[in-house]
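> Supplied structure: run.cif, mmCIF, C-alpha atoms and all ligand atoms.
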```cif
data_run
loop_
_atom_site.label_atom_id
_atom_site.label_comp_id
_atom_site.auth_asym_id
_atom_site.auth_seq_id
_atom_site.Cartn_x
_atom_site.Cartn_y
_atom_site.Cartn_z
CA MET A 1 52.62 25.51 67.34
CA LYS A 2 54.37 23.41 64.74
CA ALA A 3 53.46 20.81 62.15
CA GLN A 4 56.24 18.50 61.12
CA TYR A 5 56.41 16.28 58.09
CA SER A 6 57.74 13.18 59.85
CA TYR A 7 55.62 11.40 62.44
CA LEU A 8 57.74 8.33 63.11
CA LYS A 9 58.48 9.23 66.72
CA ASP A 10 54.74 9.32 67.43
CA GLN A 11 53.98 6.25 65.37
CA PHE A 12 56.42 4.01 67.23
CA LYS A 13 56.01 5.42 70.72
CA ASN A 14 54.51 2.17 71.86
CA SER A 15 56.03 -0.76 70.02
CA ASP A 16 55.89 -3.48 72.67
CA LYS A 17 54.11 -5.86 70.31
CA ILE A 18 56.83 -5.50 67.69
CA PHE A 19 59.59 -6.07 70.25
CA LYS A 20 57.77 -9.13 71.50
CA GLY A 21 57.71 -10.49 67.96
CA ILE A 22 61.41 -9.82 67.51
CA LYS A 23 62.24 -11.52 70.81
CA LYS A 24 60.29 -14.53 69.70
CA LEU A 25 62.25 -14.60 66.45
CA LEU A 26 65.50 -14.73 68.45
CA LYS A 27 64.47 -18.09 69.89
CA ASN A 28 64.44 -19.52 66.39
CA PRO A 29 66.48 -16.99 64.45
CA GLN A 30 65.63 -17.31 60.79
CA PHE A 31 66.52 -13.77 59.74
CA THR A 32 65.87 -14.30 56.03
CA PHE A 33 62.81 -16.11 54.68
CA GLY A 34 61.44 -16.65 58.18
CA LYS A 35 57.88 -17.75 58.88
CA GLU A 36 56.82 -14.14 59.55
CA LEU A 37 57.75 -13.18 55.99
CA GLU A 38 55.50 -15.88 54.61
CA VAL A 39 52.65 -14.67 56.81
CA PHE A 40 53.23 -11.06 55.79
CA GLU A 41 53.29 -11.93 52.09
CA LYS A 42 50.05 -13.89 52.36
CA ARG A 43 48.31 -11.10 54.26
CA PHE A 44 49.65 -8.43 51.90
CA ALA A 45 48.40 -10.37 48.86
CA LYS A 46 45.00 -10.71 50.48
CA PHE A 47 44.87 -7.03 51.40
CA VAL A 48 45.47 -5.87 47.83
CA GLY A 49 43.54 -8.73 46.24
CA ALA A 50 46.43 -10.31 44.33
CA LYS A 51 47.28 -13.97 43.96
CA TYR A 52 50.92 -13.58 44.96
CA ALA A 53 53.04 -11.12 46.96
CA LEU A 54 56.83 -11.28 47.30
CA GLY A 55 58.89 -9.33 49.83
CA VAL A 56 61.98 -7.64 48.36
CA GLY A 57 64.65 -5.21 49.52
CA SER A 58 62.96 -1.94 48.50
CA GLY A 59 60.32 -0.38 46.29
CA THR A 60 63.03 0.35 43.74
CA ASP A 61 63.98 -3.33 43.67
CA ALA A 62 60.31 -4.26 43.36
CA LEU A 63 60.21 -2.16 40.17
CA LYS A 64 63.50 -3.50 38.83
CA LEU A 65 62.66 -7.16 39.37
CA SER A 66 59.15 -6.69 37.95
CA LEU A 67 60.49 -5.07 34.80
CA LYS A 68 62.95 -7.93 34.35
CA ALA A 69 60.24 -10.50 35.01
CA VAL A 70 57.97 -9.08 32.30
CA GLY A 71 60.86 -9.42 29.87
CA VAL A 72 62.43 -5.96 29.63
CA LYS A 73 65.99 -6.30 28.27
CA PRO A 74 68.89 -3.85 27.98
CA GLY A 75 68.16 -1.32 25.23
CA ASP A 76 64.37 -1.71 25.42
CA GLU A 77 62.21 1.35 25.95
CA VAL A 78 60.01 1.73 29.02
CA ILE A 79 57.45 4.54 29.01
CA THR A 80 56.95 6.38 32.28
CA THR A 81 56.40 9.87 33.68
CA SER A 82 59.00 12.39 34.74
CA GLN A 83 56.62 13.67 37.43
CA THR A 84 57.69 11.03 39.97
CA PHE A 85 60.26 10.16 42.58
CA ILE A 86 63.65 9.53 40.95
CA ALA A 87 63.53 5.80 41.83
CA THR A 88 60.91 5.05 39.15
CA VAL A 89 63.34 6.10 36.46
CA GLY A 90 66.41 4.81 38.29
CA ALA A 91 64.91 1.30 38.24
CA ILE A 92 64.55 1.43 34.44
CA VAL A 93 68.08 2.72 33.90
CA GLU A 94 69.61 0.24 36.33
CA ILE A 95 68.44 -2.75 34.30
CA GLY A 96 69.89 -1.20 31.15
CA ALA A 97 66.58 -0.12 29.60
CA LYS A 98 65.78 3.35 28.28
CA PRO A 99 63.17 5.51 30.01
CA VAL A 100 60.85 7.41 27.67
CA PHE A 101 59.11 10.25 29.46
CA VAL A 102 55.51 11.27 28.90
CA ASP A 103 53.55 14.15 30.36
CA VAL A 104 50.96 14.04 33.14
CA TYR A 105 47.49 15.37 33.86
CA GLU A 106 46.79 18.10 36.38
CA GLU A 107 46.23 15.36 38.98
CA PHE A 108 49.86 14.12 38.50
CA THR A 109 49.25 10.81 36.71
CA MET A 110 50.20 9.61 33.21
CA SER A 111 48.57 11.42 30.29
CA CYS A 112 47.07 8.84 27.93
CA GLU A 113 47.36 11.21 24.94
CA SER A 114 51.04 11.66 25.67
CA LEU A 115 51.43 7.89 26.12
CA LEU A 116 49.90 7.23 22.68
CA ARG A 117 52.40 9.56 21.05
CA ALA A 118 55.37 7.96 22.81
CA LEU A 119 54.69 4.35 21.79
CA SER A 120 57.26 2.82 19.49
CA GLU A 121 58.43 -0.53 18.23
CA LYS A 122 60.94 -0.59 21.05
CA THR A 123 58.37 -0.05 23.82
CA LYS A 124 58.63 -3.19 25.96
CA ALA A 125 56.79 -1.99 29.09
CA ILE A 126 54.60 0.84 30.36
CA LEU A 127 55.25 2.04 33.90
CA PRO A 128 52.45 4.26 35.21
CA VAL A 129 52.94 5.84 38.64
CA HIS A 130 50.14 6.22 41.18
CA TYR A 131 51.88 9.38 42.16
CA SER A 132 51.27 10.92 45.58
CA GLY A 133 48.83 8.05 46.24
CA ASN A 134 46.46 9.04 43.42
CA PRO A 135 45.55 6.19 41.06
CA ALA A 136 46.54 6.53 37.41
CA TYR A 137 43.83 5.98 34.74
CA MET A 138 44.45 2.24 34.55
CA GLU A 139 41.50 1.27 32.36
CA ARG A 140 42.58 3.60 29.58
CA ILE A 141 46.27 2.74 29.96
CA MET A 142 45.43 -0.98 29.82
CA ASN A 143 43.40 -0.50 26.66
CA ILE A 144 46.25 1.37 25.01
CA ALA A 145 48.68 -1.37 26.04
CA LEU A 146 46.35 -4.09 24.79
CA PHE A 147 45.68 -2.56 21.38
CA ASN A 148 49.35 -1.84 20.72
CA GLY A 149 50.72 -5.34 20.90
CA ASN A 150 49.76 -6.27 24.45
CA ILE A 151 52.60 -4.32 26.05
CA PRO A 152 53.18 -5.43 29.65
CA ILE A 153 52.34 -2.92 32.39
CA VAL A 154 54.27 -2.63 35.63
CA GLU A 155 52.58 -0.31 38.12
CA ASP A 156 54.59 1.92 40.41
CA ALA A 157 52.33 1.71 43.46
CA CYS A 158 55.25 2.48 45.76
CA CYS A 159 53.40 5.29 47.52
CA ALA A 160 49.87 3.99 46.98
CA ILE A 161 49.03 1.24 49.47
CA ASP A 162 45.23 1.07 49.90
CA ALA A 163 44.62 3.27 46.83
CA ARG A 164 41.81 1.88 44.72
CA ILE A 165 39.89 2.39 41.50
CA GLU A 166 36.22 1.50 41.91
CA GLY A 167 37.27 -0.69 44.81
CA LYS A 168 40.06 -2.55 42.98
CA HIS A 169 43.49 -2.02 44.52
CA VAL A 170 46.18 -0.33 42.43
CA GLY A 171 49.07 -2.62 41.58
CA THR A 172 46.65 -5.40 40.59
CA PHE A 173 45.74 -4.03 37.14
CA GLY A 174 49.01 -4.60 35.29
CA ALA A 175 51.23 -7.67 35.01
CA ALA A 176 52.94 -6.70 38.28
CA GLY A 177 52.68 -3.98 40.91
CA ALA A 178 55.53 -2.57 43.02
CA PHE A 179 55.11 -1.28 46.57
CA SER A 180 57.57 0.44 48.91
CA LEU A 181 57.68 -0.06 52.67
CA HIS A 182 60.08 2.85 53.21
CA PRO A 183 59.69 4.49 56.65
CA LEU A 184 57.82 7.49 55.21
CA LYS A 185 55.27 5.52 53.16
CA ASN A 186 51.74 4.93 54.43
CA LEU A 187 52.61 1.30 55.18
CA ASN A 188 56.13 1.34 56.55
CA VAL A 189 58.79 -0.77 58.21
CA TRP A 190 61.94 0.04 60.20
CA GLY A 191 64.20 0.55 57.22
CA ASP A 192 64.03 -0.30 53.53
CA GLY A 193 61.61 -2.86 52.16
CA GLY A 194 59.35 -3.51 49.21
CA MET A 195 56.72 -5.87 47.82
CA VAL A 196 55.80 -7.11 44.36
CA VAL A 197 52.28 -8.33 43.69
CA THR A 198 51.10 -10.30 40.66
CA ASP A 199 48.42 -12.74 39.56
CA ARG A 200 50.74 -14.43 37.09
CA GLU A 201 52.48 -17.57 38.21
CA ASP A 202 55.35 -17.16 35.72
CA ILE A 203 56.16 -13.69 37.07
CA TYR A 204 55.90 -14.95 40.63
CA GLU A 205 58.33 -17.80 39.93
CA GLN A 206 60.74 -15.51 38.11
CA ILE A 207 60.87 -12.92 40.91
CA LYS A 208 61.24 -15.64 43.50
CA LEU A 209 64.44 -16.60 41.69
CA LEU A 210 65.60 -13.06 40.95
CA ARG A 211 65.37 -11.86 44.56
CA ASN A 212 67.55 -14.69 45.87
CA HIS A 213 70.59 -14.97 43.56
CA GLY A 214 68.60 -16.97 41.04
CA LEU A 215 68.79 -19.99 43.32
CA LYS A 216 66.28 -22.69 42.49
CA ASP A 217 67.42 -24.69 45.47
CA ARG A 218 70.46 -24.52 47.72
CA ASP A 219 72.86 -25.80 45.06
CA THR A 220 71.32 -24.83 41.72
CA VAL A 221 71.57 -21.38 40.13
CA GLU A 222 68.86 -21.22 37.51
CA ILE A 223 69.57 -17.62 36.37
CA PHE A 224 71.90 -14.93 37.69
CA GLY A 225 69.89 -12.76 40.02
CA HIS A 226 70.05 -10.23 42.84
CA ASN A 227 70.22 -10.24 46.59
CA SER A 228 66.98 -8.45 47.42
CA ARG A 229 64.97 -9.92 50.25
CA LEU A 230 62.66 -8.52 52.87
CA ASP A 231 64.21 -9.37 56.26
CA THR A 232 62.14 -11.37 58.72
CA ILE A 233 62.48 -8.56 61.30
CA GLN A 234 60.94 -6.11 58.82
CA ALA A 235 58.16 -8.59 58.11
CA ILE A 236 57.34 -8.58 61.84
CA VAL A 237 56.99 -4.77 61.73
CA GLY A 238 55.00 -4.97 58.50
CA ASN A 239 52.63 -7.58 59.90
CA TYR A 240 51.94 -5.38 62.89
CA LEU A 241 51.25 -2.29 60.77
CA LEU A 242 49.24 -3.94 58.03
CA SER A 243 46.36 -4.22 60.51
CA GLN A 244 46.43 -0.44 60.90
CA VAL A 245 46.81 0.64 57.30
CA LYS A 246 43.11 1.15 56.66
CA GLU A 247 42.82 3.41 59.68
CA ILE A 248 45.98 5.29 58.69
CA THR A 249 44.76 5.98 55.16
CA ASN A 250 41.27 6.92 56.36
CA LYS A 251 42.82 9.53 58.63
CA ARG A 252 44.99 10.92 55.84
CA ILE A 253 41.99 11.09 53.51
CA ALA A 254 39.98 12.94 56.18
CA ASN A 255 42.84 15.42 56.68
CA ALA A 256 43.08 15.98 52.93
CA LYS A 257 39.30 16.57 52.69
CA TYR A 258 39.56 19.19 55.41
CA PHE A 259 42.36 20.96 53.52
CA ASP A 260 40.44 20.71 50.23
CA ASN A 261 37.32 22.27 51.74
CA GLN A 262 39.14 25.04 53.54
CA LEU A 263 41.66 25.93 50.86
CA ALA A 264 39.24 25.83 47.92
CA LYS A 265 37.94 29.15 49.23
CA LEU A 266 41.26 30.84 48.43
CA SER A 267 41.59 32.17 44.88
CA GLN A 268 45.37 31.79 45.02
CA ILE A 269 45.17 28.04 45.64
CA LYS A 270 44.11 25.44 43.11
CA ILE A 271 43.11 21.99 44.27
CA PRO A 272 43.90 19.40 41.57
CA PHE A 273 41.03 17.51 39.97
CA ARG A 274 39.69 14.81 42.30
CA ALA A 275 38.10 11.85 40.53
CA HIS A 276 35.28 10.44 42.65
CA ASP A 277 35.48 6.77 41.70
CA VAL A 278 39.01 6.45 43.11
CA ARG A 279 40.48 6.18 46.57
CA HIS A 280 43.41 8.63 46.67
CA VAL A 281 45.42 7.85 49.82
CA TYR A 282 47.43 11.06 50.09
CA HIS A 283 50.93 9.81 50.61
CA MET A 284 51.49 13.44 49.69
CA TYR A 285 49.00 16.29 49.79
CA MET A 286 49.94 18.54 46.89
CA ILE A 287 48.18 21.68 45.69
CA TYR A 288 48.95 24.49 43.26
CA ALA A 289 49.85 27.75 44.96
CA GLN A 290 50.50 31.25 43.67
CA HIS A 291 53.78 32.71 44.95
CA ARG A 292 54.69 29.14 45.81
CA ASP A 293 58.28 29.73 46.91
CA ASP A 294 57.33 32.66 49.17
CA LEU A 295 54.52 30.59 50.68
CA LEU A 296 56.93 27.75 51.36
CA LYS A 297 59.29 30.06 53.21
CA PHE A 298 56.44 31.68 55.12
CA LEU A 299 55.13 28.30 56.28
CA ASN A 300 58.59 26.96 57.15
CA ASP A 301 59.22 30.10 59.23
CA LYS A 302 56.01 29.29 61.11
CA ASN A 303 57.32 25.78 61.86
CA ILE A 304 55.10 24.14 59.29
CA GLU A 305 57.19 21.65 57.38
CA ALA A 306 55.73 22.19 53.91
CA LYS A 307 57.90 20.80 51.10
CA ILE A 308 58.39 20.83 47.35
CA HIS A 309 58.12 17.41 45.67
CA TYR A 310 60.18 18.00 43.52
CA PRO A 311 61.66 21.29 42.39
CA THR A 312 63.50 19.66 39.46
CA PRO A 313 61.69 17.06 37.34
CA VAL A 314 63.59 13.86 36.57
CA HIS A 315 64.05 14.73 32.88
CA LEU A 316 65.96 17.90 33.79
CA GLN A 317 68.28 16.25 36.33
CA PRO A 318 72.02 16.11 35.58
CA ALA A 319 71.78 12.30 35.51
CA SER A 320 69.22 12.49 32.67
CA LYS A 321 71.39 14.93 30.76
CA LYS A 322 74.29 12.48 30.86
CA LEU A 323 72.10 9.80 29.27
CA GLY A 324 70.71 12.17 26.68
CA LEU A 325 67.23 11.89 28.19
CA ASN A 326 67.02 15.58 28.85
CA ILE A 327 63.99 17.15 27.20
CA ASP A 328 64.55 20.86 27.11
CA PRO A 329 61.44 22.69 25.89
CA TYR A 330 63.62 25.27 24.20
CA SER A 331 65.78 22.90 22.24
CA ALA A 332 63.82 19.68 21.66
CA LYS A 333 62.95 19.44 17.98
CA ASN A 334 59.79 17.47 18.49
CA GLU A 335 57.18 19.62 20.16
CA GLU A 336 55.16 16.52 21.03
CA LEU A 337 57.85 15.42 23.45
CA TRP A 338 57.70 18.53 25.57
CA LEU A 339 56.65 17.93 29.16
CA ILE A 340 54.89 21.23 29.61
CA GLU A 341 52.52 20.13 32.37
CA THR A 342 55.31 18.36 34.30
CA ASP A 343 57.46 21.50 34.18
CA ARG A 344 54.53 23.66 35.28
CA GLN A 345 53.80 21.36 38.23
CA CYS A 346 57.37 21.46 39.48
CA LYS A 347 57.15 25.24 39.60
CA ASN A 348 53.75 25.51 41.27
CA LEU A 349 53.08 22.54 43.54
CA ILE A 350 53.54 22.64 47.29
CA SER A 351 53.17 19.66 49.68
CA LEU A 352 51.60 20.09 53.11
CA PRO A 353 51.96 17.68 56.03
CA VAL A 354 48.87 15.43 55.92
CA HIS A 355 49.89 12.47 58.10
CA GLN A 356 47.72 10.54 60.52
CA HIS A 357 49.24 12.03 63.67
CA LEU A 358 48.30 15.65 62.96
CA THR A 359 45.80 17.08 65.44
CA LYS A 360 42.83 19.18 64.38
CA TYR A 361 44.61 22.17 65.93
CA GLN A 362 47.62 21.59 63.72
CA LEU A 363 45.42 21.22 60.65
CA LYS A 364 43.70 24.47 61.49
CA TYR A 365 47.03 26.16 62.14
CA ILE A 366 48.24 25.16 58.66
CA VAL A 367 45.07 26.52 57.00
CA GLU A 368 45.12 29.76 59.00
CA SER A 369 48.78 30.28 58.19
CA ILE A 370 48.14 29.94 54.46
CA LYS A 371 45.26 32.42 54.73
CA GLU A 372 47.50 34.79 56.65
CA PHE A 373 50.14 34.59 53.93
CA TYR A 374 47.74 35.54 51.16
CA ALA A 375 46.01 38.24 53.23
CA GLY A 376 49.45 39.85 53.57
CA LYS A 377 49.99 39.59 49.81
CA ILE A 378 46.82 41.58 49.02
CA SER A 379 47.31 44.49 51.41
C1 LIG B 401 59.15 5.73 47.39
C2 LIG B 401 58.96 5.57 45.95
C3 LIG B 401 59.77 4.70 45.20
C4 LIG B 401 60.94 3.96 45.76
O1 LIG B 401 60.72 3.18 46.87
P1 LIG B 401 61.96 2.76 47.80
O2 LIG B 401 61.38 1.76 48.73
O3 LIG B 401 62.43 4.01 48.49
O4 LIG B 401 63.02 2.18 46.94
C5 LIG B 401 59.49 4.57 43.85
N1 LIG B 401 58.49 5.25 43.27
C6 LIG B 401 57.71 6.10 43.95
C7 LIG B 401 56.61 6.81 43.25
C8 LIG B 401 57.93 6.30 45.32
O5 LIG B 401 57.16 7.16 45.98
#
```
Now that the file is in, can you turn its structure into structure tokens?
Ligand SMILES: *Cc1c(COP(=O)(O)O)cnc(C)c1O

Amino acid sequence: MKAQYSYLKDQFKNSDKIFKGIKKLLKNPQFTFGKELEVFEKRFAKFVGAKYALGVGSGTDALKLSLKAVGVKPGDEVITTSQTFIATVGAIVEIGAKPVFVDVYEEFTMSCESLLRALSEKTKAILPVHYSGNPAYMERIMNIALFNGNIPIVEDACCAIDARIEGKHVGTFGAAGAFSLHPLKNLNVWGDGGMVVTDREDIYEQIKLLRNHGLKDRDTVEIFGHNSRLDTIQAIVGNYLLSQVKEITNKRIANAKYFDNQLAKLSQIKIPFRAHDVRHVYHMYMIYAQHRDDLLKFLNDKNIEAKIHYPTPVHLQPASKKLGLNIDPYSAKNEELWLIETDRQCKNLISLPVHQHLTKYQLKYIVESIKEFYAGKIS
């Protein structure tokens, strides 16, 4: 038996409906800003409960354009976590701003205590990440932002479609929310794509300009912008899959619950804290494991595609070193800046396949294999 991480071959086995949509597009080929994009944006906005949604080229672009739209300028500081995919931080750097890293809780999201310590005069945005599909503590983060000069919040919801806090969708708490439609996200298209959601008309208007060269109309450039659009073909795929996203996330949540129940019995495994008023959508299923690296190898040898997300935190990457962002626990003067929990997580977390196409036999095989590994460790 095997359990692979990618499921795209299964997911798109039968795509007749998508091909039909694409064929229809060819009769009236509007490959950018086609009618299907408008439909997708409207449905996406409705799904998350936001006033506006705008298709862009990627989740990274969604972050970049949102940061610009809330007024972040070169040299400004943006507070985020190092426990994230590199793109969160790349987006900040690419617009000339300076990332300031804060630590995370056991459940991978921004520590509010760490955030409070990192605030400065130069803080021009806070960028919490709903990492792995687990919602950050938005109410507390919003209070901190509000009582420290009403700092704008941009949410990195790139891997968190359908994740909610007491029923309210992530990405709709801050000034803007960024989503990714990358092939391996829970809502995916056939290539790169992203979405920005907001309730604010000024942000909506600004991003509408920014994503299309700053063009107000065909002949007027209002501001210099980017070329970052969601293609009409991708909108056709997105429209088709948006109807399935609830089902997809429900399946992933059920798989994660099964793992939680089974693996909690093992003393060598620690399940992270699960808040019960949130809907965690398990873009990744990550747990703490003793002898993590040996377990990874053991599972990979048994054709289970477990992974490490990510062995090196962003703040210790060579790219961060070059910018002087590197926070080395052994050399940083200010103890408060240490990212102790982030470093610990990178050494101990393992990700298991949790996707919607896993069978109950595969799920069981993964659990049994982990048990087998630890049984061998004891004897
Ligand atoms: C995937 C992801 C991104 C980037 O999205 P792309 O569409 O690949 O640009 C950013 N942040 C997080 C947390 C992600 O998981």
> Counting only C-alpha atoms, give me one row per residue of region 100-208 of chain A with an atom at most 9 Å from an atom of region 241-250 of chain A, showing the shortest contact pair and its distance in Å to one decimal, sorted by chain then residue number, as a Markdown table.

```
| residue | atom | partner | partner_atom | distance |
| --- | --- | --- | --- | --- |
| A:Ile161 | CA | A:Val245 | CA | 8.2 |
| A:Asp162 | CA | A:Lys246 | CA | 7.1 |
| A:Ala163 | CA | A:Thr249 | CA | 8.8 |
| A:Asn186 | CA | A:Thr249 | CA | 7.1 |
| A:Leu187 | CA | A:Val245 | CA | 6.2 |
| A:Asn188 | CA | A:Leu241 | CA | 7.4 |
| A:Val189 | CA | A:Leu241 | CA | 8.1 |
```
> Dump as a tab-separated table the rows for residues of chain A within 10 Å of ligand LIG 401 (chain B): closest atom pair and distance in Å with one decimal, all atoms listed in the file counted, ordered by chain and rising residue number.

```
residue	atom	partner	partner_atom	distance
A:Val56	CA	B:LIG401	O2	9.4
A:Gly57	CA	B:LIG401	O2	7.7
A:Ser58	CA	B:LIG401	O2	4.0
A:Gly59	CA	B:LIG401	O2	3.4
A:Thr60	CA	B:LIG401	O4	3.7
A:Asp61	CA	B:LIG401	O4	6.5
A:Ala62	CA	B:LIG401	O4	7.9
A:Leu63	CA	B:LIG401	C5	7.7
A:Lys64	CA	B:LIG401	O4	9.9
A:Gln83	CA	B:LIG401	C7	9.0
A:Thr84	CA	B:LIG401	C7	5.5
A:Phe85	CA	B:LIG401	C6	5.0
A:Ile86	CA	B:LIG401	C5	7.1
A:Ala87	CA	B:LIG401	C5	4.7
A:Thr88	CA	B:LIG401	N1	4.8
A:Val89	CA	B:LIG401	N1	8.4
A:Gly90	CA	B:LIG401	C5	8.9
A:Ala91	CA	B:LIG401	C5	8.5
A:Pro128	CA	B:LIG401	C7	9.4
A:Val129	CA	B:LIG401	C7	6.0
A:His130	CA	B:LIG401	C7	6.8
A:Tyr131	CA	B:LIG401	C7	5.5
A:Ser132	CA	B:LIG401	O5	7.0
A:Gly133	CA	B:LIG401	O5	8.4
A:Glu155	CA	B:LIG401	N1	9.6
A:Asp156	CA	B:LIG401	N1	5.9
A:Ala157	CA	B:LIG401	C7	6.7
A:Cys158	CA	B:LIG401	C8	4.7
A:Cys159	CA	B:LIG401	O5	4.5
A:Ala160	CA	B:LIG401	O5	8.0
A:Ala178	CA	B:LIG401	C5	8.2
A:Phe179	CA	B:LIG401	O1	7.2
A:Ser180	CA	B:LIG401	O2	4.0
A:Leu181	CA	B:LIG401	O2	5.7
A:His182	CA	B:LIG401	O2	4.8
A:Pro183	CA	B:LIG401	O2	8.5
A:Leu184	CA	B:LIG401	C1	8.1
A:Lys185	CA	B:LIG401	C1	7.0
A:Asn188	CA	B:LIG401	O2	9.4
A:Gly191	CA	B:LIG401	O2	9.0
A:Asp192	CA	B:LIG401	O2	5.9
A:Gly193	CA	B:LIG401	O2	5.8
A:Gly194	CA	B:LIG401	O2	5.7
A:Met195	CA	B:LIG401	O2	9.0
A:His283	CA	B:LIG401	O5	8.2
A:Met284	CA	B:LIG401	O5	9.2
```
> Taking only C-alpha atoms into account, which of A:Ala235, A:Gln268, A:Tyr282, A:Gln317 comes nearest Phe44 (chain A)?
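Looking at the shortest contact to Phe44 (chain A), the residue is A:Ala235.
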> Rounded to one decimal place, report the CA of Val354 (chain A)-CA of Lys302 (chain A) distance in Å.
16.4 Å
> Excluding region 204-217 of chain A and its own-chain neighbours fewer than 3 positions away, which residues fall within 8 Å of it when counting only C-alpha atoms? Please give them as number ranges by chain.
A: 52-54, 56, 65-66, 69, 198-201, 220-229
> Measure the distance from CA of Ile370 (chain A) to CA of Ala289 (chain A) in Å and round it to one decimal.
9.9 Å
> Find, counting all atoms listed in the file, the residue in A:Ile287, A:Lys51, A:Phe108, A:Asn28 that gets nearest to Leu266 (chain A).
A:Ile287
> Counting all atoms listed in the file, which of A:Phe273, A:Arg43, A:Gly75, A:Asp293 gets nearest to Phe373 (chain A)?
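Nearest candidate to Phe373 (chain A) out of A:Phe273, A:Arg43, A:Gly75, A:Asp293: A:Asp293.
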> What separation in Å, quoted to one decimal, exists between CA of Asp343 (chain A) and CA of Thr312 (chain A)?
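Distance between the two atoms: 8.2 Å.
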> Determine the nearest neighbour of Tyr137 (chain A) from the options A:Leu115, A:Val70, A:Ile151, A:Ile18, counting only C-alpha atoms.
A:Leu115
> Pick out the residues sitting within 10 Å of His291 (chain A), and hand them over as a PyMOL selection string; count all atoms listed in the file, and ignore anything fewer than 4 positions along from it in its own chain.
chain A and resi 268-269+295-296+347-348+373-374+377
> May I have the centre and edge lengths, in Å to one decimal, of an axis-aligned box around the listed atoms of region 148-164 of chain A with 3 Å added to every side, as lines of an AutoDock Vina configuration file?

```
center_x = 48.5
center_y = -0.5
center_z = 35.3
size_x = 19.4
size_y = 17.6
size_z = 35.2
```
> Restricting the calculation to only C-alpha atoms, which member of A:Pro74, A:Gly238, A:Pro272, A:Pro311 is positioned closest to Tyr105 (chain A)?
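For Tyr105 (chain A), the nearest of the given residues is A:Pro272.
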> Do a neighbour search on Ala97 (chain A) at 12 Å with all atoms listed in the file, toss out local chain neighbours closer than 5 positions, and write the hits as a list in words.
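The residues satisfying every condition are Lys64, Leu67, Lys68, Gly71, Val72, Lys73, Pro74, Gly75, Asp76, Glu77, Val78, Ile79, Thr80, Val89, Gly90, Ala91, Ile92, Lys122, Thr123, Lys124, Ala125 and Leu323 of chain A.
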> Hey, which of A:Ile95, A:Leu8, A:Val102, A:Ala256 ends up closest to Ile327 (chain A)? Count only C-alpha atoms.
A:Val102
> Find the spatial neighbours of region 4-6 of chain A, counting all atoms listed in the file, within a cut-off of 12 Å - ignore same-chain residues fewer than 5 positions away - and output them as a PyMOL selection string.
chain A and resi 11-12+183-186+283-285+299-300+302-308+351-359+362-363+366
> Near region 276-278 of chain A, within 8 Å and counting all atoms listed in the file, which residues show up once chain neighbours fewer than 3 positions away are dropped, as a compact mmCIF listing (two decimals) with C-alpha atoms, in the frame of the given file?

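After the write, part-v2.txt holds the following:
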```txt
# COMPACT_ATOMS: atom_id res chain seq x y z
CA ASN A 134 46.46 9.04 43.42
CA PRO A 135 45.55 6.19 41.06
CA ALA A 163 44.62 3.27 46.83
CA ARG A 164 41.81 1.88 44.72
CA ILE A 165 39.89 2.39 41.50
CA GLU A 166 36.22 1.50 41.91
CA GLY A 167 37.27 -0.69 44.81
```
